[in-house]
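With mmCIF, C-alpha atoms inside, this is run-v6.cif:
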data_model
#
loop_
_atom_site.label_atom_id
_atom_site.label_comp_id
_atom_site.auth_asym_id
_atom_site.auth_seq_id
_atom_site.Cartn_x
_atom_site.Cartn_y
_atom_site.Cartn_z
CA MET A 764 12.46 -21.66 -18.70
CA ASN A 765 15.21 -21.46 -16.10
CA SER A 766 14.04 -20.66 -12.61
CA VAL A 767 15.24 -17.66 -10.64
CA ASN A 768 17.48 -18.70 -7.78
CA SER A 769 16.35 -16.78 -4.72
CA ASN A 770 19.55 -17.28 -2.72
CA SER A 771 20.15 -13.87 -1.18
CA PRO A 772 21.37 -14.36 2.37
CA GLY A 773 22.45 -10.79 2.91
CA SER A 774 25.10 -9.48 0.61
CA PRO A 775 24.22 -10.21 -3.03
CA GLU A 776 26.63 -7.64 -4.43
CA ASN A 777 29.90 -8.54 -2.68
CA ILE A 778 29.54 -5.63 -0.28
CA ASN A 779 32.70 -4.22 1.26
CA GLN A 780 31.50 -4.55 4.81
CA ASN A 781 32.71 -2.50 7.75
CA THR A 782 34.86 -4.47 10.13
CA ASP A 783 32.41 -3.90 12.99
CA SER A 784 29.43 -5.33 11.07
CA GLU A 785 30.20 -8.82 12.38
CA ASN A 786 29.32 -7.59 15.84
CA LYS A 787 25.92 -6.29 14.80
CA ASN A 788 22.73 -8.28 14.71
CA ILE A 789 21.69 -8.95 11.13
CA ILE A 790 17.94 -8.64 10.63
CA ASN A 791 16.60 -11.67 8.79
CA TYR A 792 13.34 -11.64 6.85
CA LEU A 793 11.59 -14.64 5.31
CA PHE A 794 9.35 -14.37 2.24
CA LEU A 795 6.78 -17.14 1.87
CA VAL A 796 5.86 -17.31 -1.82
CA LEU A 797 2.57 -18.90 -2.85
CA PRO A 798 1.71 -20.09 -6.38
CA GLY A 799 0.65 -17.12 -8.51
CA PHE A 800 2.33 -14.61 -6.18
CA SER A 801 2.75 -11.04 -7.40
CA LEU A 802 6.34 -10.40 -8.41
CA VAL A 803 6.33 -6.60 -7.94
CA PRO A 804 5.85 -6.37 -4.14
CA TYR A 805 8.07 -9.41 -3.56
CA SER A 806 10.97 -8.06 -5.61
CA THR A 807 10.66 -4.44 -4.47
CA ALA A 808 10.54 -5.44 -0.80
CA ILE A 809 13.73 -7.45 -1.22
CA ASP A 810 15.38 -4.69 -3.22
CA ILE A 811 14.84 -2.22 -0.38
CA LEU A 812 16.81 -4.59 1.84
CA ARG A 813 19.50 -5.12 -0.80
CA LEU A 814 19.98 -1.38 -1.21
CA ALA A 815 20.11 -0.86 2.55
CA ASN A 816 23.04 -3.28 2.61
CA ARG A 817 24.72 -1.71 -0.40
CA ASN A 818 24.32 1.90 0.68
CA SER A 819 25.45 1.24 4.24
CA HIS A 820 28.39 -0.97 3.14
CA GLU A 821 27.27 -3.43 5.78
CA THR A 822 25.15 -6.54 5.93
CA LEU A 823 22.25 -5.11 7.86
CA TYR A 824 19.70 -7.51 6.38
CA SER A 825 19.52 -11.05 5.14
CA TRP A 826 16.54 -12.69 3.49
CA GLU A 827 15.38 -16.07 2.32
CA THR A 828 12.53 -17.27 0.17
CA VAL A 829 10.51 -20.21 1.44
CA SER A 830 7.49 -22.07 0.05
CA PRO A 831 4.96 -24.66 1.26
CA SER A 832 6.82 -27.41 -0.67
CA ASP A 833 10.20 -27.86 -2.33
CA ASP A 834 8.78 -27.34 -5.82
CA VAL A 835 9.56 -24.36 -8.03
CA VAL A 836 6.92 -21.66 -7.48
CA HIS A 837 5.62 -19.67 -10.45
CA ALA A 838 4.76 -16.01 -10.03
CA SER A 839 1.59 -14.63 -11.61
CA SER A 840 3.78 -13.53 -14.55
CA GLY A 841 4.88 -17.14 -15.07
CA LEU A 842 8.40 -16.50 -13.81
CA PRO A 843 9.61 -19.56 -11.89
CA VAL A 844 11.31 -19.01 -8.53
CA GLN A 845 13.26 -21.69 -6.68
CA PRO A 846 12.77 -21.24 -2.92
CA GLU A 847 15.67 -21.95 -0.60
CA GLN A 848 13.76 -24.14 1.81
CA VAL A 849 10.39 -25.58 2.71
CA PHE A 850 8.36 -23.51 5.15
CA THR A 851 7.92 -25.46 8.39
CA GLY A 852 6.68 -22.80 10.81
CA ASN A 853 9.64 -23.36 13.11
CA GLU A 854 11.97 -20.93 11.37
CA GLN A 855 13.78 -18.30 13.43
CA CYS A 856 13.61 -14.88 11.80
CA ASP A 857 12.78 -11.26 12.53
CA ALA A 858 9.63 -11.30 10.36
CA LEU A 859 7.86 -13.48 7.82
CA PHE A 860 6.02 -11.98 4.85
CA VAL A 861 3.35 -13.98 3.02
CA CYS A 862 3.54 -13.13 -0.69
CA GLY A 863 0.13 -13.50 -2.33
CA GLY A 864 -1.19 -12.83 -5.79
CA THR A 865 -3.84 -14.31 -8.06
CA LYS A 866 -6.56 -16.82 -7.11
CA ILE A 867 -5.54 -16.51 -3.50
CA THR A 868 -8.51 -18.37 -2.00
CA SER A 869 -7.64 -21.50 -4.00
CA ARG A 870 -4.07 -21.46 -2.66
CA TRP A 871 -5.15 -22.04 0.93
CA GLU A 872 -4.00 -25.18 2.72
CA ASP A 873 -4.85 -25.90 6.35
CA SER A 874 -1.28 -27.02 6.94
CA ILE A 875 0.02 -23.56 5.95
CA GLY A 876 -2.39 -21.94 8.40
CA THR A 877 -1.08 -24.23 11.14
CA ARG A 878 2.50 -23.29 10.33
CA LEU A 879 1.66 -19.58 10.37
CA ARG A 880 -0.01 -19.92 13.76
CA THR A 881 3.14 -21.65 15.03
CA MET A 882 5.19 -18.66 13.89
CA ALA A 883 2.78 -16.32 15.70
CA SER A 884 2.97 -18.39 18.90
CA ASN A 885 6.76 -18.06 18.67
CA LYS A 886 6.31 -14.25 18.64
CA ILE A 887 7.52 -13.85 15.06
CA PRO A 888 6.10 -10.67 13.44
CA LEU A 889 4.00 -11.51 10.38
CA GLY A 890 3.33 -9.55 7.22
CA GLY A 891 1.31 -9.85 4.05
CA LEU A 892 2.23 -8.51 0.62
CA CYS A 893 -0.69 -7.98 -1.79
CA THR A 894 -3.21 -10.77 -1.09
CA GLY A 895 -0.91 -12.42 1.43
CA THR A 896 -3.17 -10.65 3.93
CA TYR A 897 -5.84 -13.24 3.10
CA PHE A 898 -3.71 -16.10 4.45
CA LEU A 899 -3.01 -14.29 7.71
CA ALA A 900 -6.70 -13.46 8.05
CA ARG A 901 -7.86 -17.00 7.32
CA ALA A 902 -5.35 -18.32 9.86
CA GLY A 903 -7.02 -16.05 12.45
CA LEU A 904 -3.90 -13.95 12.87
CA LEU A 905 -5.33 -10.53 11.97
CA ASP A 906 -8.42 -10.40 14.19
CA GLY A 907 -8.49 -6.98 15.84
CA TYR A 908 -5.59 -5.68 13.76
CA ARG A 909 -5.57 -2.82 11.29
CA CYS A 910 -4.64 -4.30 7.93
CA THR A 911 -5.07 -3.79 4.22
CA ILE A 912 -5.21 -5.76 0.97
CA HIS A 913 -5.36 -5.00 -2.74
CA TRP A 914 -8.50 -3.04 -3.64
CA GLU A 915 -9.77 -5.87 -5.86
CA ASN A 916 -10.05 -8.05 -2.75
CA LEU A 917 -11.31 -5.49 -0.23
CA SER A 918 -15.02 -6.28 -0.40
CA ALA A 919 -14.65 -10.06 -0.28
CA THR A 920 -12.11 -9.90 2.54
CA ARG A 921 -14.27 -7.54 4.58
CA GLU A 922 -17.25 -9.87 4.13
CA SER A 923 -15.30 -13.03 4.95
CA PHE A 924 -13.39 -11.72 7.97
CA PRO A 925 -15.53 -9.24 9.94
CA LYS A 926 -13.12 -9.20 12.89
CA LEU A 927 -10.43 -7.43 10.87
CA ILE A 928 -9.99 -3.68 11.02
CA LEU A 929 -9.65 -3.59 7.26
CA THR A 930 -8.73 -0.32 5.56
CA ASP A 931 -8.17 0.76 1.98
CA ASP A 932 -4.84 2.41 2.90
CA VAL A 933 -1.67 1.67 0.93
CA TYR A 934 -0.17 -0.17 3.91
CA GLU A 935 -0.74 -0.79 7.59
CA VAL A 936 1.70 -1.41 10.42
CA ASP A 937 -0.13 -2.46 13.58
CA ARG A 938 2.00 -3.85 16.39
CA ASP A 939 3.64 -7.00 14.95
CA ARG A 940 1.54 -7.20 11.79
CA TYR A 941 2.64 -5.55 8.53
CA THR A 942 0.41 -5.56 5.46
CA CYS A 943 0.51 -3.71 2.16
CA ALA A 944 -1.87 -3.55 -0.78
CA GLY A 945 0.63 -4.93 -3.28
CA GLY A 946 2.40 -3.40 -6.25
CA VAL A 947 4.76 -0.59 -5.32
CA THR A 948 3.11 -0.09 -1.91
CA ALA A 949 5.71 -2.58 -0.68
CA ILE A 950 8.25 0.23 -1.12
CA ASP A 951 6.26 2.47 1.23
CA MET A 952 5.90 -0.20 3.88
CA MET A 953 9.49 -1.44 3.75
CA PHE A 954 10.68 2.15 3.88
CA ARG A 955 8.71 2.62 7.12
CA LEU A 956 10.38 -0.46 8.60
CA LEU A 957 13.78 0.74 7.43
CA VAL A 958 13.34 4.11 9.16
CA VAL A 959 12.41 2.34 12.41
CA GLU A 960 15.16 -0.29 12.26
CA GLN A 961 18.00 1.80 10.83
CA THR A 962 18.46 5.54 10.28
CA LYS A 963 16.50 8.19 8.42
CA GLU A 964 19.61 9.02 6.36
CA LEU A 965 19.98 5.45 5.14
CA ALA A 966 16.27 5.22 4.37
CA ALA A 967 16.46 8.43 2.35
CA SER A 968 19.44 7.11 0.38
CA VAL A 969 17.56 3.92 -0.49
CA ILE A 970 14.59 5.88 -1.82
CA GLN A 971 16.94 8.02 -3.89
CA SER A 972 18.54 4.87 -5.30
CA ILE A 973 15.25 3.52 -6.62
CA LEU A 974 14.32 6.93 -8.10
CA ALA A 975 11.08 7.16 -6.11
CA GLU A 976 9.62 10.67 -6.23
CA ARG A 977 7.97 10.37 -2.84
CA VAL A 978 7.12 7.90 -0.12
CA ARG A 979 3.48 7.58 0.86
CA LYS A 980 2.35 7.75 4.44
CA MET A 981 0.39 4.90 6.00
CA SER A 982 -2.79 6.97 6.06
CA GLU A 983 -2.86 7.45 2.27
CA THR A 984 -5.52 5.42 0.49
CA GLN A 985 -5.32 3.23 -2.58
CA VAL A 986 -6.59 4.68 -5.83
CA ILE A 987 -9.65 2.53 -6.47
CA PRO A 988 -11.14 2.73 -9.98
CA LEU A 989 -14.64 4.19 -10.06
CA ARG A 990 -16.00 1.19 -11.94
CA GLN A 991 -14.88 -1.06 -9.09
CA LYS A 992 -17.06 1.02 -6.76
CA ILE A 993 -20.18 1.35 -8.89
CA GLY A 994 -20.08 -1.58 -11.32
CA ALA A 995 -19.95 -1.54 -15.10
CA ASN A 996 -23.57 -0.61 -15.83
CA GLN A 997 -23.71 3.01 -14.72
CA PRO A 998 -22.61 5.04 -17.79
CA LYS A 999 -24.48 8.19 -16.68
CA LEU A 1000 -22.77 8.20 -13.30
CA GLU A 1001 -19.38 7.54 -14.90
CA SER A 1002 -19.94 10.45 -17.28
CA ALA A 1003 -20.91 12.75 -14.42
CA VAL A 1004 -17.78 11.88 -12.44
CA LYS A 1005 -15.62 12.29 -15.54
CA LEU A 1006 -17.02 15.80 -16.03
CA MET A 1007 -16.16 16.61 -12.42
CA GLU A 1008 -12.63 15.23 -12.73
CA THR A 1009 -11.94 17.30 -15.86
CA ASN A 1010 -13.39 20.51 -14.45
CA ILE A 1011 -11.58 21.02 -11.15
CA GLU A 1012 -10.39 24.60 -11.57
CA GLU A 1013 -13.76 25.88 -12.74
CA PRO A 1014 -16.37 23.59 -11.11
CA LEU A 1015 -19.61 22.92 -12.95
CA ASN A 1016 -23.00 23.43 -11.37
CA PRO A 1017 -24.76 20.09 -10.67
CA PHE A 1018 -27.69 21.27 -12.80
CA HIS A 1019 -25.29 21.79 -15.69
CA ILE A 1020 -23.75 18.34 -15.20
CA ALA A 1021 -27.19 16.74 -15.26
CA GLU A 1022 -28.03 18.66 -18.40
CA LEU A 1023 -24.82 17.58 -20.15
CA ILE A 1024 -25.53 13.89 -19.56
CA ASN A 1025 -29.23 14.20 -20.36
CA ILE A 1026 -30.78 13.39 -17.01
CA SER A 1027 -32.58 15.47 -14.40
CA ARG A 1028 -30.93 16.89 -11.29
CA ARG A 1029 -33.10 14.58 -9.23
CA GLN A 1030 -31.89 11.52 -11.17
CA LEU A 1031 -28.30 12.66 -10.69
CA GLU A 1032 -28.86 12.95 -6.94
CA ARG A 1033 -30.31 9.44 -6.81
CA LEU A 1034 -27.38 7.94 -8.72
CA PHE A 1035 -24.82 9.46 -6.35
CA SER A 1036 -26.82 8.46 -3.28
CA LYS A 1037 -27.34 4.87 -4.38
CA HIS A 1038 -23.90 4.03 -5.76
CA LEU A 1039 -21.50 6.41 -3.98
CA ASP A 1040 -23.40 7.14 -0.76
CA SER A 1041 -22.93 10.85 -1.38
CA THR A 1042 -24.41 13.85 -3.15
CA PRO A 1043 -23.05 15.34 -6.38
CA THR A 1044 -22.01 18.49 -4.51
CA ARG A 1045 -20.28 16.60 -1.73
CA TYR A 1046 -18.53 14.17 -4.09
CA TYR A 1047 -17.33 17.03 -6.29
CA LEU A 1048 -15.97 18.89 -3.28
CA GLU A 1049 -14.08 15.81 -2.10
CA LEU A 1050 -12.52 15.39 -5.56
CA ARG A 1051 -11.30 18.98 -5.46
CA LEU A 1052 -9.95 18.59 -1.94
CA GLN A 1053 -8.14 15.37 -2.89
CA ASN A 1054 -6.53 17.23 -5.76
CA ALA A 1055 -5.57 20.03 -3.37
CA GLN A 1056 -3.99 17.55 -0.98
CA ARG A 1057 -1.85 16.06 -3.77
CA LEU A 1058 -0.68 19.53 -4.79
CA LEU A 1059 0.16 20.47 -1.20
CA LEU A 1060 2.17 17.30 -0.68
CA GLN A 1061 3.83 17.00 -4.08
CA THR A 1062 4.45 20.61 -5.20
CA GLY A 1063 5.68 23.88 -3.79
CA LEU A 1064 2.74 25.91 -5.08
CA PRO A 1065 1.64 28.65 -2.67
CA ILE A 1066 -1.51 27.70 -0.80
CA ILE A 1067 -3.48 30.52 -2.41
CA GLU A 1068 -2.61 29.12 -5.85
CA VAL A 1069 -3.57 25.61 -4.76
CA SER A 1070 -6.95 26.91 -3.67
CA MET A 1071 -7.53 28.65 -7.02
CA VAL A 1072 -6.38 25.67 -9.10
CA CYS A 1073 -8.87 23.52 -7.19
CA GLY A 1074 -11.82 25.83 -7.79
CA PHE A 1075 -11.95 27.81 -4.55
CA THR A 1076 -12.40 31.56 -4.97
CA SER A 1077 -11.72 32.31 -1.31
CA ALA A 1078 -8.68 31.15 0.67
CA PRO A 1079 -10.59 31.16 4.01
CA HIS A 1080 -13.35 29.01 2.45
CA PHE A 1081 -10.73 26.60 1.07
CA SER A 1082 -9.07 26.36 4.47
CA LYS A 1083 -12.38 25.67 6.22
CA CYS A 1084 -13.39 22.96 3.72
CA TYR A 1085 -9.96 21.39 3.94
CA ARG A 1086 -10.03 21.29 7.73
CA ASP A 1087 -13.54 19.83 7.72
CA GLN A 1088 -12.35 17.07 5.39
CA TYR A 1089 -8.92 16.22 6.81
CA GLY A 1090 -8.93 17.63 10.33
CA ARG A 1091 -6.11 20.08 9.65
CA SER A 1092 -5.60 23.24 7.65
CA PRO A 1093 -3.71 23.34 4.33
CA SER A 1094 -0.71 24.97 6.02
CA GLU A 1095 -0.74 22.30 8.75
CA GLU A 1096 -0.92 19.60 6.07
CA ARG A 1097 2.16 20.93 4.36
CA ARG A 1098 4.01 21.43 7.65
CA THR A 1099 3.15 17.90 8.78
CA ASN A 1100 4.46 16.53 5.51
CA LEU A 1101 7.70 18.48 5.87
CA ASP A 1102 8.09 17.14 9.40
CA TYR A 1103 7.54 13.63 8.04
CA LEU A 1104 10.14 14.19 5.30
CA ASP A 1105 12.56 15.32 7.98
CA THR A 1106 12.40 11.79 9.36
CA LEU A 1107 13.48 10.31 6.04
#
Rewrite the structure from the file as structure tokens, please.
Amino acid sequence: MNSVNSNSPGSPENINQNTDSENKNIINYLFLVLPGFSLVPYSTAIDILRLANRNSHETLYSWETVSPSDDVVHASSGLPVQPEQVFTGNEQCDALFVCGGTKITSRWEDSIGTRLRTMASNKIPLGGLCTGTYFLARAGLLDGYRCTIHWENLSATRESFPKLILTDDVYEVDRDRYTCAGGVTAIDMMFRLLVVEQTKELAASVIQSILAERVRKMSETQVIPLRQKIGANQPKLESAVKLMETNIEEPLNPFHIAELINISRRQLERLFSKHLDSTPTRYYLELRLQNAQRLLLQTGLPIIEVSMVCGFTSAPHFSKCYRDQYGRSPSEERRTNLDYLDTL
């Protein structure tokens, strides 16, 4: 199989650049690819930069792919990528992103940690895509920082690196550290950087070019499968949650849920307490409020209709529950989102 040549030093599409672009500082990002790296966040992050160049008709960004050695690096999909240079730690750039993927703990080399620490000592901002966060954490470069990682690695990372402020958000930008959970969350994070470094109009045009319906805010959490939270041996609990998820508009009574899955209400309470650290009533309410939040952010439904669709018979009760959960009313949520979109 032929390898993908990663040469992309700024204008991969023969951009017709403005004559004044030569006088502007080009922002240069490095992407450190590790064996088994995830192709989606790597390629989407670069594509955001490519489209920023194309849509602006200027070379605003350049990028290079580096690796720990001069060998071809295979992504988790098996696609071979030929880096442009060996990562030394002495590179001059505006940020370096560590691109992780599968079997990340086995990819660690002390020499890579040393090189990353050299970059940090040279005041180079550092980022992690997917499990690239692990390398920054193991190098001691995320202590005291808010950061995130793919949900499959959250528990192990939290256990291994207690000094991190580890969240389950889609991405985190904390001072000079940028981390995302992988997959398409790289779009959300790179969009945030694009807004800060360029203009909201350019950022909006890039998102339109990739046909993204919306850009997620940093505070939005990853969707973590229930089985990841409770394990594979809790069929009664899974059935109970499934009943809740499919009965949002007309909520079921917890007694009825227990009856439908052939356990007592007391047993149902114990299952939720042990595996979800909640009660059936509280968990059900949070599901309905999460659904309400999605509708507020993604649709133009009137708030009264949102409340009814999510099983609330009283708009004031819906508003109180929503504020208790999120610290703002439904109308404030929608207004905040519109203000955020105005920055795009």
| said: For a test of reading the model, state the distance in Å between CA of Glu1022 in chain A and CA of Lys1005 in chain A, rounded to one decimal. | reply: 14.2 Å
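The coordinates place CA of Met953 in chain A at 20.8 Å from CA of Leu879 in chain A.
Of the listed residues (A:Leu892, A:Gln855, A:Asp937, A:Asn1025), A:Asn1025 comes nearest to Lys999 in chain A; the distances count only C-alpha atoms.
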| request: Report the residues retrieved by the PyMOL selection byres ((chain A and resi 974-983) around 8) from the displayed file, expressed as a ChimeraX atom specification. | output: /A:932-936,950-952,954,970-973,984-985,1061
Report as a PDB file with C-alpha atoms, in the coordinates of the input all protein, DNA and RNA residues lying within 9 Å of Leu904 in chain A, evaluated on all atoms listed in the file, omitting residues in the same chain fewer than 2 positions from it.
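Generated output (out-v7.pdb):
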ATOM      1  CA  LEU A 879       1.660 -19.580  10.370  1.00  0.00           C
ATOM      2  CA  ARG A 880      -0.010 -19.920  13.760  1.00  0.00           C
ATOM      3  CA  ALA A 883       2.780 -16.320  15.700  1.00  0.00           C
ATOM      4  CA  LEU A 889       4.000 -11.510  10.380  1.00  0.00           C
ATOM      5  CA  PHE A 898      -3.710 -16.100   4.450  1.00  0.00           C
ATOM      6  CA  LEU A 899      -3.010 -14.290   7.710  1.00  0.00           C
ATOM      7  CA  ALA A 900      -6.700 -13.460   8.050  1.00  0.00           C
ATOM      8  CA  ARG A 901      -7.860 -17.000   7.320  1.00  0.00           C
ATOM      9  CA  ALA A 902      -5.350 -18.320   9.860  1.00  0.00           C
ATOM     10  CA  ASP A 906      -8.420 -10.400  14.190  1.00  0.00           C
ATOM     11  CA  GLY A 907      -8.490  -6.980  15.840  1.00  0.00           C
ATOM     12  CA  TYR A 908      -5.590  -5.680  13.760  1.00  0.00           C
ATOM     13  CA  ARG A 940       1.540  -7.200  11.790  1.00  0.00           C
TER      14      ARG A 940
END
At most 6 Å is the cut-off: for each residue in range 847-918 of chain A with any atom that close to an atom of range 799-811 of chain A, write down the nearest atom pair and the distance in Å rounded to one decimal, counting only C-alpha atoms, chain first then increasing number, as JSON lines.
{"residue": "A:Cys862", "atom": "CA", "partner": "A:Phe800", "partner_atom": "CA", "distance": 5.8}
{"residue": "A:Gly863", "atom": "CA", "partner": "A:Phe800", "partner_atom": "CA", "distance": 4.6}
{"residue": "A:Gly864", "atom": "CA", "partner": "A:Phe800", "partner_atom": "CA", "distance": 4.0}
{"residue": "A:Thr865", "atom": "CA", "partner": "A:Gly799", "partner_atom": "CA", "distance": 5.3}
| field | Residues matched by the PyMOL selection byres ((chain A and resi 841) around 10), written as a PyMOL selection string | value | chain A and resi 764+798-800+802+836-840+842-844
| Matched chain/residue IDs from the PyMOL selection byres ((chain A and resi 833) around 8), as a PyMOL selection string | chain A and resi 830-832+834-835+846+848-849
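Compared by their closest atoms to Ala967 in chain A, and using all atoms listed in the file, the residues A:Tyr792, A:Ile867, A:His820, A:Ala815 rank with A:Ala815 nearest.
Going from CA of Phe1081 in chain A to CA of Ile993 in chain A covers 28.7 Å.
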| field | Closest of A:Leu905, A:Leu1052, A:Leu1006, A:Ile1066 to Asp1087 in chain A - atom-to-atom distances counting all atoms listed in the file | value | A:Leu1052
| request: Tell me which of A:Arg1098, A:Leu795, A:Gly852, A:Leu859 sits closest to Thr877 in chain A, counting all atoms listed in the file. | output: A:Gly852
| request: Pick out the residues sitting within 6 Å of Cys1073 in chain A, and hand them over as an NGL selection string; count only C-alpha atoms, and ignore anything fewer than 6 positions along from it in its own chain. | output: :A and (1011-1012 or 1051)
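Nearest residue to His913 in chain A among A:Thr868, A:Thr896, A:Gln1056, A:Thr822 is A:Thr896, counting all atoms listed in the file.
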| Within 7 Å of Asp857 in chain A using all atoms listed in the file, minus same-chain residues under 6 positions, as a ChimeraX atom specification | /A:790-792,887-888
What's the 10 Å shell around Leu1039 in chain A, counting all atoms listed in the file, without same-chain residues fewer than 5 positions away, as a short mmCIF file (atom, residue, chain, number, x, y, z; two decimals) with C-alpha atoms, in the coordinates of the input?
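This went into part_1.cif:
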data_model
loop_
_atom_site.label_atom_id
_atom_site.label_comp_id
_atom_site.auth_asym_id
_atom_site.auth_seq_id
_atom_site.Cartn_x
_atom_site.Cartn_y
_atom_site.Cartn_z
CA LEU A 989 -14.64 4.19 -10.06
CA LYS A 992 -17.06 1.02 -6.76
CA ILE A 993 -20.18 1.35 -8.89
CA LEU A 1000 -22.77 8.20 -13.30
CA ARG A 1033 -30.31 9.44 -6.81
CA LEU A 1034 -27.38 7.94 -8.72
CA TYR A 1046 -18.53 14.17 -4.09
#
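Nearest residue to Phe1018 in chain A among A:Ser1077, A:Ser1082, A:Asn1054, A:Gln1030 is A:Gln1030, counting only C-alpha atoms.
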